[in-house]
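*Asks:* Sharing query_8.txt (compact mmCIF, C-alpha atoms) below.
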```
# COMPACT_ATOMS: atom_id res chain seq x y z
CA MET A 1 -176.64 79.72 32.21
CA SER A 2 -178.44 83.03 32.42
CA PRO A 3 -176.55 86.24 33.25
CA ASP A 4 -179.19 86.77 35.95
CA GLU A 5 -177.55 83.98 37.92
CA ILE A 6 -174.21 85.80 38.20
CA LEU A 7 -173.38 87.61 41.41
CA THR A 8 -172.65 91.26 40.64
CA PRO A 9 -170.47 93.16 40.06
CA ALA A 10 -169.07 90.91 37.35
CA ALA A 11 -166.83 91.27 34.31
CA VAL A 12 -168.76 90.29 31.18
CA VAL A 13 -167.68 90.06 27.53
CA ASP A 14 -169.94 89.94 24.51
CA LEU A 15 -168.27 87.14 22.55
CA ASP A 16 -169.62 88.21 19.16
CA ARG A 17 -168.21 91.70 19.60
CA MET A 18 -164.89 90.41 20.91
CA GLU A 19 -164.47 88.05 17.97
CA SER A 20 -165.31 90.84 15.54
CA ASN A 21 -162.68 93.05 17.18
CA LEU A 22 -160.09 90.29 16.92
CA ASP A 23 -160.89 89.67 13.26
CA ARG A 24 -160.78 93.36 12.39
CA MET A 25 -157.29 93.93 13.79
CA ALA A 26 -155.99 90.70 12.29
CA ARG A 27 -157.26 91.79 8.86
CA TYR A 28 -155.74 95.25 9.22
CA ALA A 29 -152.32 93.84 10.10
CA ALA A 30 -152.43 91.32 7.27
CA ASP A 31 -153.65 93.85 4.71
CA HIS A 32 -150.73 96.17 5.52
CA GLY A 33 -148.02 93.54 5.87
CA LEU A 34 -147.59 94.16 9.60
CA ALA A 35 -146.83 91.48 12.14
CA LEU A 36 -149.32 91.50 15.02
CA ARG A 37 -147.94 91.08 18.54
CA PRO A 38 -150.86 92.08 20.79
CA HIS A 39 -150.30 93.27 24.33
CA ILE A 40 -152.12 90.94 26.71
CA LYS A 41 -152.34 93.50 29.54
CA THR A 42 -155.99 94.01 28.57
CA HIS A 43 -157.30 90.46 28.85
CA LYS A 44 -154.53 88.69 30.83
CA SER A 45 -155.80 85.32 29.64
CA PRO A 46 -153.82 82.54 27.90
CA ASP A 47 -157.09 81.39 26.31
CA LEU A 48 -157.63 84.75 24.64
CA ALA A 49 -153.98 85.03 23.67
CA ALA A 50 -154.44 81.71 21.88
CA GLU A 51 -157.38 83.23 19.98
CA GLN A 52 -155.11 86.06 18.86
CA VAL A 53 -152.38 83.65 17.78
CA ARG A 54 -154.95 81.54 15.92
CA ARG A 55 -155.82 84.65 13.92
CA GLY A 56 -152.20 85.18 12.88
CA ALA A 57 -150.47 86.96 15.76
CA ILE A 58 -146.75 86.11 15.71
CA GLY A 59 -146.53 86.25 19.51
CA VAL A 60 -147.59 88.43 22.40
CA THR A 61 -146.39 91.41 24.40
CA VAL A 62 -146.33 91.36 28.20
CA ALA A 63 -145.40 93.84 30.91
CA GLN A 64 -144.36 91.57 33.77
CA PHE A 65 -143.17 88.08 34.54
CA ARG A 66 -146.43 86.54 35.70
CA GLU A 67 -147.83 87.39 32.29
CA ALA A 68 -144.73 86.04 30.54
CA SER A 69 -144.92 82.72 32.35
CA LEU A 70 -148.63 82.14 31.77
CA MET A 71 -148.74 83.27 28.14
CA GLN A 72 -146.43 80.44 27.12
CA ALA A 73 -149.53 78.27 27.07
CA ALA A 74 -150.47 80.22 23.93
CA THR A 75 -147.10 81.04 22.35
CA ASP A 76 -143.39 80.84 23.07
CA ASN A 77 -142.70 84.12 21.22
CA ILE A 78 -142.90 86.77 23.94
CA LEU A 79 -141.81 90.38 24.17
CA LEU A 80 -141.29 91.75 27.68
CA ALA A 81 -141.99 95.43 27.03
CA HIS A 82 -140.60 96.57 30.36
CA PRO A 83 -136.89 96.78 31.27
CA PRO A 84 -135.89 93.82 33.51
CA VAL A 85 -133.83 95.88 35.95
CA GLY A 86 -132.46 94.38 39.17
CA ASP A 87 -131.41 90.91 40.29
CA PRO A 88 -134.90 89.68 41.30
CA LYS A 89 -136.24 90.36 37.79
CA LEU A 90 -133.17 88.98 36.08
CA ARG A 91 -133.48 85.77 38.11
CA ARG A 92 -137.11 85.57 37.08
CA LEU A 93 -136.08 86.02 33.45
CA VAL A 94 -133.75 83.04 33.73
CA ALA A 95 -136.42 80.97 35.47
CA LEU A 96 -138.74 81.13 32.46
CA PRO A 97 -138.85 77.86 30.51
CA ALA A 98 -135.96 77.36 28.13
CA THR A 99 -138.41 76.96 25.25
CA ALA A 100 -139.40 80.62 25.50
CA ASN A 101 -138.25 82.84 22.67
CA MET A 102 -137.87 85.92 24.86
CA THR A 103 -137.22 89.45 23.70
CA VAL A 104 -136.78 92.25 26.23
CA ALA A 105 -137.17 95.98 25.71
CA LEU A 106 -134.74 98.36 27.37
CA ASP A 107 -133.42 101.89 27.07
CA SER A 108 -130.23 102.10 29.12
CA PRO A 109 -126.69 100.67 29.21
CA GLU A 110 -127.38 99.56 32.78
CA ALA A 111 -130.38 97.46 31.80
CA LEU A 112 -128.47 96.00 28.85
CA ALA A 113 -125.48 95.13 31.03
CA GLY A 114 -127.71 93.24 33.45
CA VAL A 115 -129.35 91.20 30.69
CA VAL A 116 -126.00 90.47 29.04
CA ALA A 117 -124.36 89.35 32.30
CA THR A 118 -127.33 87.15 33.17
CA ALA A 119 -127.39 85.54 29.73
CA ARG A 120 -123.66 84.81 29.84
CA ALA A 121 -123.81 83.40 33.36
CA HIS A 122 -126.51 80.93 32.36
CA ASP A 123 -125.39 80.23 28.79
CA LEU A 124 -128.59 81.72 27.40
CA SER A 125 -129.47 84.27 24.77
CA PHE A 126 -132.22 86.87 24.85
CA GLY A 127 -133.50 89.11 22.12
CA VAL A 128 -133.24 92.85 22.70
CA LEU A 129 -135.24 95.77 21.36
CA VAL A 130 -133.97 99.24 22.17
CA GLU A 131 -136.87 101.50 23.08
CA LEU A 132 -137.15 104.93 21.49
CA ASP A 133 -139.06 107.95 22.73
CA VAL A 134 -141.11 109.38 19.87
CA GLY A 135 -143.11 111.78 22.04
CA MET A 136 -144.57 109.85 24.97
CA GLN A 137 -141.80 110.97 27.37
CA ARG A 138 -142.22 108.01 29.70
CA VAL A 139 -139.46 105.60 28.77
CA GLY A 140 -137.33 105.34 25.65
CA ILE A 141 -134.33 107.23 24.32
CA SER A 142 -134.99 110.62 22.77
CA GLU A 143 -131.44 111.42 21.59
CA VAL A 144 -130.62 109.81 18.25
CA SER A 145 -126.91 109.39 18.96
CA THR A 146 -127.62 107.79 22.35
CA ALA A 147 -130.04 105.32 20.78
CA VAL A 148 -127.55 104.40 18.06
CA GLU A 149 -124.83 103.81 20.65
CA LEU A 150 -127.06 101.50 22.72
CA CYS A 151 -128.11 99.60 19.61
CA ARG A 152 -124.42 99.19 18.74
CA ARG A 153 -123.68 97.82 22.20
CA ALA A 154 -126.56 95.36 21.97
CA HIS A 155 -125.55 94.35 18.45
CA ASP A 156 -121.96 93.62 19.51
CA ALA A 157 -122.65 91.97 22.87
CA ASP A 158 -122.47 88.23 23.46
CA GLY A 159 -125.54 86.70 25.12
CA VAL A 160 -128.10 88.93 23.44
CA ASP A 161 -129.49 89.18 19.94
CA TRP A 162 -130.20 92.77 18.94
CA ARG A 163 -133.44 92.55 17.02
CA GLY A 164 -134.27 96.19 16.44
CA VAL A 165 -136.19 99.02 18.07
CA MET A 166 -139.61 99.68 19.53
CA PHE A 167 -141.67 102.68 20.56
CA TYR A 168 -145.02 103.47 22.14
CA PRO A 169 -146.99 106.43 20.72
CA GLY A 170 -149.23 106.54 23.78
CA HIS A 171 -149.28 110.33 23.73
CA ILE A 172 -151.56 110.22 20.68
CA ARG A 173 -154.99 110.55 22.28
CA GLN A 174 -156.75 112.79 19.80
CA HIS A 175 -159.82 111.63 17.93
CA VAL A 176 -158.67 109.47 15.03
CA SER A 177 -159.98 112.11 12.60
CA ARG A 178 -157.54 114.62 14.12
CA GLN A 179 -154.42 112.48 14.42
CA ASP A 180 -152.73 113.43 11.15
CA GLU A 181 -150.34 115.99 12.62
CA ALA A 182 -149.36 113.75 15.54
CA ILE A 183 -148.84 110.73 13.27
CA ALA A 184 -146.68 112.81 10.93
CA ALA A 185 -144.57 114.03 13.87
CA VAL A 186 -144.02 110.48 15.11
CA ASP A 187 -143.09 109.36 11.61
CA ALA A 188 -140.57 112.20 11.22
CA THR A 189 -138.97 111.35 14.57
CA LEU A 190 -138.85 107.66 13.71
CA GLN A 191 -137.16 108.36 10.36
CA ARG A 192 -134.36 110.26 12.12
CA PHE A 193 -133.65 107.24 14.29
CA LEU A 194 -133.85 104.75 11.44
CA GLU A 195 -131.66 106.79 9.09
CA ALA A 196 -128.98 107.20 11.77
CA LEU A 197 -129.00 103.45 12.42
CA ARG A 198 -128.65 102.68 8.72
CA GLN A 199 -125.74 105.06 8.40
CA GLU A 200 -123.98 103.03 11.09
CA GLY A 201 -124.72 99.75 9.36
CA LEU A 202 -127.38 98.83 11.93
CA GLU A 203 -130.48 97.73 10.06
CA PRO A 204 -133.21 96.82 12.57
CA GLY A 205 -135.01 93.60 11.73
CA THR A 206 -137.91 94.68 13.91
CA VAL A 207 -139.46 98.12 14.25
CA SER A 208 -142.26 97.65 16.73
CA ALA A 209 -145.07 100.15 17.35
CA GLY A 210 -147.94 100.06 19.79
CA SER A 211 -151.23 101.45 21.14
CA THR A 212 -154.83 100.91 20.11
CA PRO A 213 -155.71 104.63 19.73
CA ALA A 214 -153.14 105.01 16.92
CA ALA A 215 -153.20 101.43 15.66
CA TRP A 216 -155.23 102.12 12.53
CA SER A 217 -152.57 104.56 11.31
CA SER A 218 -149.63 102.22 11.89
CA HIS A 219 -149.14 101.68 8.15
CA ARG A 220 -148.41 105.41 7.82
CA LEU A 221 -145.32 105.06 10.03
CA ARG A 222 -142.61 104.17 7.53
CA GLY A 223 -140.44 101.22 8.48
CA VAL A 224 -142.76 99.76 11.12
CA THR A 225 -142.79 95.97 10.91
CA GLU A 226 -145.04 94.98 13.82
CA ILE A 227 -147.74 96.46 16.06
CA ARG A 228 -148.64 95.82 19.71
CA PRO A 229 -152.23 97.00 20.35
CA GLY A 230 -153.92 95.67 23.47
CA THR A 231 -157.23 97.35 24.23
CA TYR A 232 -158.76 96.55 20.83
CA ILE A 233 -159.87 93.05 21.89
CA PHE A 234 -162.47 94.54 24.28
CA ASN A 235 -162.37 98.31 23.68
CA ASP A 236 -163.69 100.78 26.25
CA ARG A 237 -165.23 104.21 26.67
CA THR A 238 -161.92 105.88 25.78
CA THR A 239 -161.38 104.06 22.49
CA ALA A 240 -164.98 104.78 21.53
CA ALA A 241 -164.72 108.46 22.50
CA ILE A 242 -161.69 109.00 20.26
CA GLY A 243 -163.14 107.07 17.33
CA ALA A 244 -160.76 104.11 17.47
CA CYS A 245 -163.87 101.94 17.64
CA GLY A 246 -167.63 102.36 17.59
CA TRP A 247 -169.75 102.18 20.72
CA GLU A 248 -171.12 98.92 19.31
CA ASP A 249 -167.56 97.52 19.38
CA CYS A 250 -167.30 97.76 23.19
CA ALA A 251 -167.27 94.08 24.12
CA TYR A 252 -166.38 94.36 27.82
CA THR A 253 -168.72 95.65 30.49
CA VAL A 254 -169.10 95.39 34.21
CA LEU A 255 -172.49 93.90 35.00
CA ALA A 256 -173.97 95.73 37.99
CA THR A 257 -177.21 95.79 39.96
CA VAL A 258 -179.17 98.90 40.86
CA VAL A 259 -179.30 98.85 44.66
CA SER A 260 -180.68 102.31 45.49
CA THR A 261 -182.74 105.12 43.94
CA ALA A 262 -183.27 106.96 47.21
CA VAL A 263 -181.62 110.20 46.06
CA ALA A 264 -183.39 112.15 43.33
CA GLY A 265 -181.58 112.39 40.01
CA GLN A 266 -179.37 109.39 40.55
CA ALA A 267 -179.25 105.64 40.96
CA VAL A 268 -176.64 103.65 42.81
CA VAL A 269 -175.19 100.38 41.50
CA ASP A 270 -173.03 97.82 43.26
CA ALA A 271 -169.97 98.47 41.05
CA GLY A 272 -167.56 101.01 42.45
CA SER A 273 -163.86 101.68 42.17
CA LYS A 274 -163.02 98.06 43.06
CA ALA A 275 -164.86 96.86 39.95
CA LEU A 276 -164.53 99.74 37.47
CA PHE A 277 -161.37 101.56 38.64
CA ARG A 278 -161.27 105.29 39.19
CA GLU A 279 -159.79 106.84 36.05
CA GLU A 280 -160.94 109.90 34.16
CA LEU A 281 -161.69 109.64 30.48
CA ARG A 282 -158.54 110.18 28.44
CA GLY A 283 -158.54 112.13 25.21
CA SER A 284 -161.97 113.63 25.85
CA ASP A 285 -163.55 116.23 28.08
CA GLU A 286 -166.56 114.01 28.83
CA ALA A 287 -167.21 113.49 32.53
CA GLY A 288 -167.64 110.34 34.56
CA TYR A 289 -165.86 107.05 35.16
CA GLY A 290 -167.92 104.93 32.78
CA ALA A 291 -171.20 104.91 30.87
CA LEU A 292 -174.06 102.46 30.44
CA LEU A 293 -173.85 100.32 27.32
CA ASP A 294 -177.57 100.61 26.58
CA HIS A 295 -177.85 104.22 27.78
CA PRO A 296 -174.52 105.89 26.89
CA ASP A 297 -175.86 109.26 28.04
CA VAL A 298 -175.96 107.89 31.58
CA VAL A 299 -172.52 108.13 33.14
CA VAL A 300 -171.02 106.93 36.41
CA ARG A 301 -170.76 110.38 37.99
CA GLY A 302 -169.05 109.28 41.20
CA MET A 303 -167.75 106.21 42.97
CA SER A 304 -166.73 104.87 46.31
CA GLU A 305 -165.22 101.42 46.74
CA GLU A 306 -168.47 99.43 46.38
CA HIS A 307 -170.90 102.04 45.03
CA GLY A 308 -171.24 103.65 41.62
CA ILE A 309 -173.49 106.69 41.22
CA LEU A 310 -175.37 106.90 37.92
CA ASP A 311 -176.25 110.43 36.85
CA LEU A 312 -179.90 110.45 35.71
CA ARG A 313 -180.33 114.21 35.44
CA GLY A 314 -180.02 114.28 31.65
CA THR A 315 -182.20 111.29 30.79
CA SER A 316 -185.83 110.24 31.06
CA TRP A 317 -184.77 106.65 31.76
CA ARG A 318 -185.45 105.59 35.33
CA PRO A 319 -184.15 102.24 36.56
CA ARG A 320 -185.84 100.20 39.25
CA ILE A 321 -184.29 98.54 42.26
CA GLY A 322 -182.88 95.21 41.13
CA ASP A 323 -182.40 96.20 37.49
CA ARG A 324 -179.12 95.06 35.99
CA VAL A 325 -177.01 97.35 33.83
CA HIS A 326 -173.82 96.99 31.79
CA VAL A 327 -171.21 99.65 32.53
CA VAL A 328 -168.50 100.37 29.95
CA PRO A 329 -165.47 101.51 31.96
CA ASN A 330 -163.26 104.38 30.90
CA HIS A 331 -160.22 102.09 30.88
CA VAL A 332 -160.84 98.40 30.37
CA CYS A 333 -157.35 97.08 31.20
CA VAL A 334 -157.37 98.15 34.83
CA SER A 335 -160.95 97.02 35.30
CA VAL A 336 -160.22 93.50 34.06
CA ASN A 337 -157.29 93.27 36.47
CA LEU A 338 -159.73 93.79 39.38
CA HIS A 339 -161.77 90.69 38.54
CA GLU A 340 -160.93 87.03 39.10
CA ARG A 341 -163.17 85.74 36.29
CA VAL A 342 -164.73 86.97 33.06
CA TRP A 343 -168.05 85.69 31.77
CA GLY A 344 -168.54 85.26 28.01
CA LEU A 345 -172.04 86.17 26.81
CA ARG A 346 -173.63 85.25 23.49
CA GLY A 347 -177.26 85.51 22.51
CA GLY A 348 -178.36 86.48 26.00
CA ARG A 349 -176.77 83.41 27.61
CA ILE A 350 -173.47 82.73 29.32
CA GLU A 351 -171.57 80.51 26.90
CA ARG A 352 -168.25 80.25 28.71
CA SER A 353 -166.04 81.85 31.33
CA TRP A 354 -162.33 82.10 31.98
CA PRO A 355 -160.11 83.15 34.86
CA VAL A 356 -158.11 86.36 34.64
CA ALA A 357 -155.07 84.17 35.09
CA ALA A 358 -152.35 86.81 34.92
CA ARG A 359 -153.98 89.38 37.21
CA GLY A 360 -151.95 90.81 40.06
CA TRP A 361 -148.24 90.35 40.59
CA ASP A 362 -145.87 87.43 40.95
CA ASN A 363 -143.24 88.78 43.34
CA LEU A 364 -142.05 85.54 44.86
CA PRO A 365 -138.32 84.83 44.64
CA ALA A 366 -137.33 82.90 41.53
CA THR A 367 -136.41 79.30 42.25
```
Output the file's structure as structure tokens, nothing else.
*Replies:*
Amino acid sequence: MSPDEILTPAAVVDLDRMESNLDRMARYAADHGLALRPHIKTHKSPDLAAEQVRRGAIGVTVAQFREASLMQAATDNILLAHPPVGDPKLRRLVALPATANMTVALDSPEALAGVVATARAHDLSFGVLVELDVGMQRVGISEVSTAVELCRRAHDADGVDWRGVMFYPGHIRQHVSRQDEAIAAVDATLQRFLEALRQEGLEPGTVSAGSTPAAWSSHRLRGVTEIRPGTYIFNDRTTAAIGACGWEDCAYTVLATVVSTAVAGQAVVDAGSKALFREELRGSDEAGYGALLDHPDVVVRGMSEEHGILDLRGTSWRPRIGDRVHVVPNHVCVSVNLHERVWGLRGGRIERSWPVAARGWDNLPAT
């Protein structure tokens, strides 16, 4: 099947690039003795999770229950990296198949109490990772003594298996060549937590780190046992801008058609915010909401829901009506979630496709 037969806008993945990205991260983890537990929020596909597991991933990381349920087609070793707070979520946790080896991340006594009570009521056991704040300031415990106390509670509680700690260094957005100071600061913070735990006789079996932008420095964080990168499978304009990948490693694009050149200095494509998502480039002062794969100097200067405006003022390239272009979005994860299907391209032909099975939300009551 030719890509010309696809109705645009469409999510497209270069399979050769994707497979190279998968192999590269798998090699890095293996070379440094790190377990790989990729976050599937980027691809949301059991088929691609299975490709990660086939390359040595010990399991996957998810953010919500629809993902947890569907990813069991690839692995039963699942980390829910989002506190399951409230009865509806706890009921959904129980409703997952009994074969699932579930670990949940949490950062409060309230969240722990809910998981413990649910496990006891249903004669189940769930793994627990206590989340630490090492600088992101989103979730996670920043006080060492508070983290130690919660780990102690989880360690001593019936119905849960305290497996260690996790953190997300998502605040590290500098170019990889300028991350040394930030990595050192995260390492110093992590060592304070780990030393305090050891002094209390609490040796974490798992110390889980995350994020693609800082993934290639994970081995410099002493004590880390596993990593949870997500974006690396496809990459995007952000990961390329900060040097976490090369532009040639961007596997995911939104295929779009040029529909208008009526206004001088610009061209309009049929991919707007409902295909690309409206997010500014993180970690860089470059403008736009995406850039063309084959003309990276051409950025998506503006968007409405169904229109993307290509800025042609700095290039001699002039597209024609009907031309098709590949747009690399600023943030791939949210773009994928907008599409029902992804098309896999190899050698100029569509080789396969797969549904974005875990897109959206599953907010039905648990049965």
*Asks:* I'd like to know which of A:Ser335, A:Ser125, A:Thr212, A:Thr118 is closest to Arg359 of chain A, using all atoms listed in the file.
*Replies:*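 Ranking A:Ser335, A:Ser125, A:Thr212, A:Thr118 by distance to Arg359 of chain A, first place goes to A:Ser335.
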*Asks:* Quick check, in Å to one decimal: how far apart do atom CA of Val207 of chain A and atom CA of Asp107 of chain A lie?
*Replies:*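 So the two atoms, atom CA of Val207 of chain A and atom CA of Asp107 of chain A, lie 14.7 Å apart.
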*Asks:* Step by step: start from the point (-144.1, 95.2, 15.5) in the file's coordinates, keep every protein, DNA or RNA residue that has an atom no farther than 9 Å from it, count all atoms listed in the file, and write the set as a PDB file with C-alpha atoms, in the coordinates of the input.
*Replies:*
```pdb
ATOM      1  CA  LEU A  34    -147.590  94.160   9.600  1.00  0.00           C
ATOM      2  CA  ALA A  35    -146.830  91.480  12.140  1.00  0.00           C
ATOM      3  CA  LEU A  36    -149.320  91.500  15.020  1.00  0.00           C
ATOM      4  CA  ARG A  37    -147.940  91.080  18.540  1.00  0.00           C
ATOM      5  CA  MET A 166    -139.610  99.680  19.530  1.00  0.00           C
ATOM      6  CA  THR A 206    -137.910  94.680  13.910  1.00  0.00           C
ATOM      7  CA  VAL A 207    -139.460  98.120  14.250  1.00  0.00           C
ATOM      8  CA  SER A 208    -142.260  97.650  16.730  1.00  0.00           C
ATOM      9  CA  ALA A 209    -145.070 100.150  17.350  1.00  0.00           C
ATOM     10  CA  GLY A 210    -147.940 100.060  19.790  1.00  0.00           C
ATOM     11  CA  VAL A 224    -142.760  99.760  11.120  1.00  0.00           C
ATOM     12  CA  THR A 225    -142.790  95.970  10.910  1.00  0.00           C
ATOM     13  CA  GLU A 226    -145.040  94.980  13.820  1.00  0.00           C
ATOM     14  CA  ILE A 227    -147.740  96.460  16.060  1.00  0.00           C
ATOM     15  CA  ARG A 228    -148.640  95.820  19.710  1.00  0.00           C
TER      16      ARG A 228
END
```
*Asks:* Contacts of Arg24 of chain A at 12 Å or less, counting only C-alpha atoms, minus same-chain residues fewer than 6 places along, as a compact mmCIF listing (two decimals) with C-alpha atoms, in the frame of the given file?
*Replies:*
```
# COMPACT_ATOMS: atom_id res chain seq x y z
CA ARG A 17 -168.21 91.70 19.60
CA MET A 18 -164.89 90.41 20.91
CA ALA A 30 -152.43 91.32 7.27
CA ASP A 31 -153.65 93.85 4.71
CA LEU A 36 -149.32 91.50 15.02
CA GLN A 52 -155.11 86.06 18.86
CA ARG A 55 -155.82 84.65 13.92
CA GLY A 56 -152.20 85.18 12.88
CA ALA A 215 -153.20 101.43 15.66
CA TRP A 216 -155.23 102.12 12.53
CA TYR A 232 -158.76 96.55 20.83
CA ILE A 233 -159.87 93.05 21.89
CA ALA A 244 -160.76 104.11 17.47
CA CYS A 245 -163.87 101.94 17.64
CA ASP A 249 -167.56 97.52 19.38
```
*Asks:* Let me make sure I understand: among A:Asn77, A:Thr8, A:Gln137, A:Asn101, which one has the smallest atom-to-atom distance to Gly272 of chain A if we use only C-alpha atoms?
*Replies:*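 Using only C-alpha atoms, Gly272 of chain A sits closest to A:Thr8.
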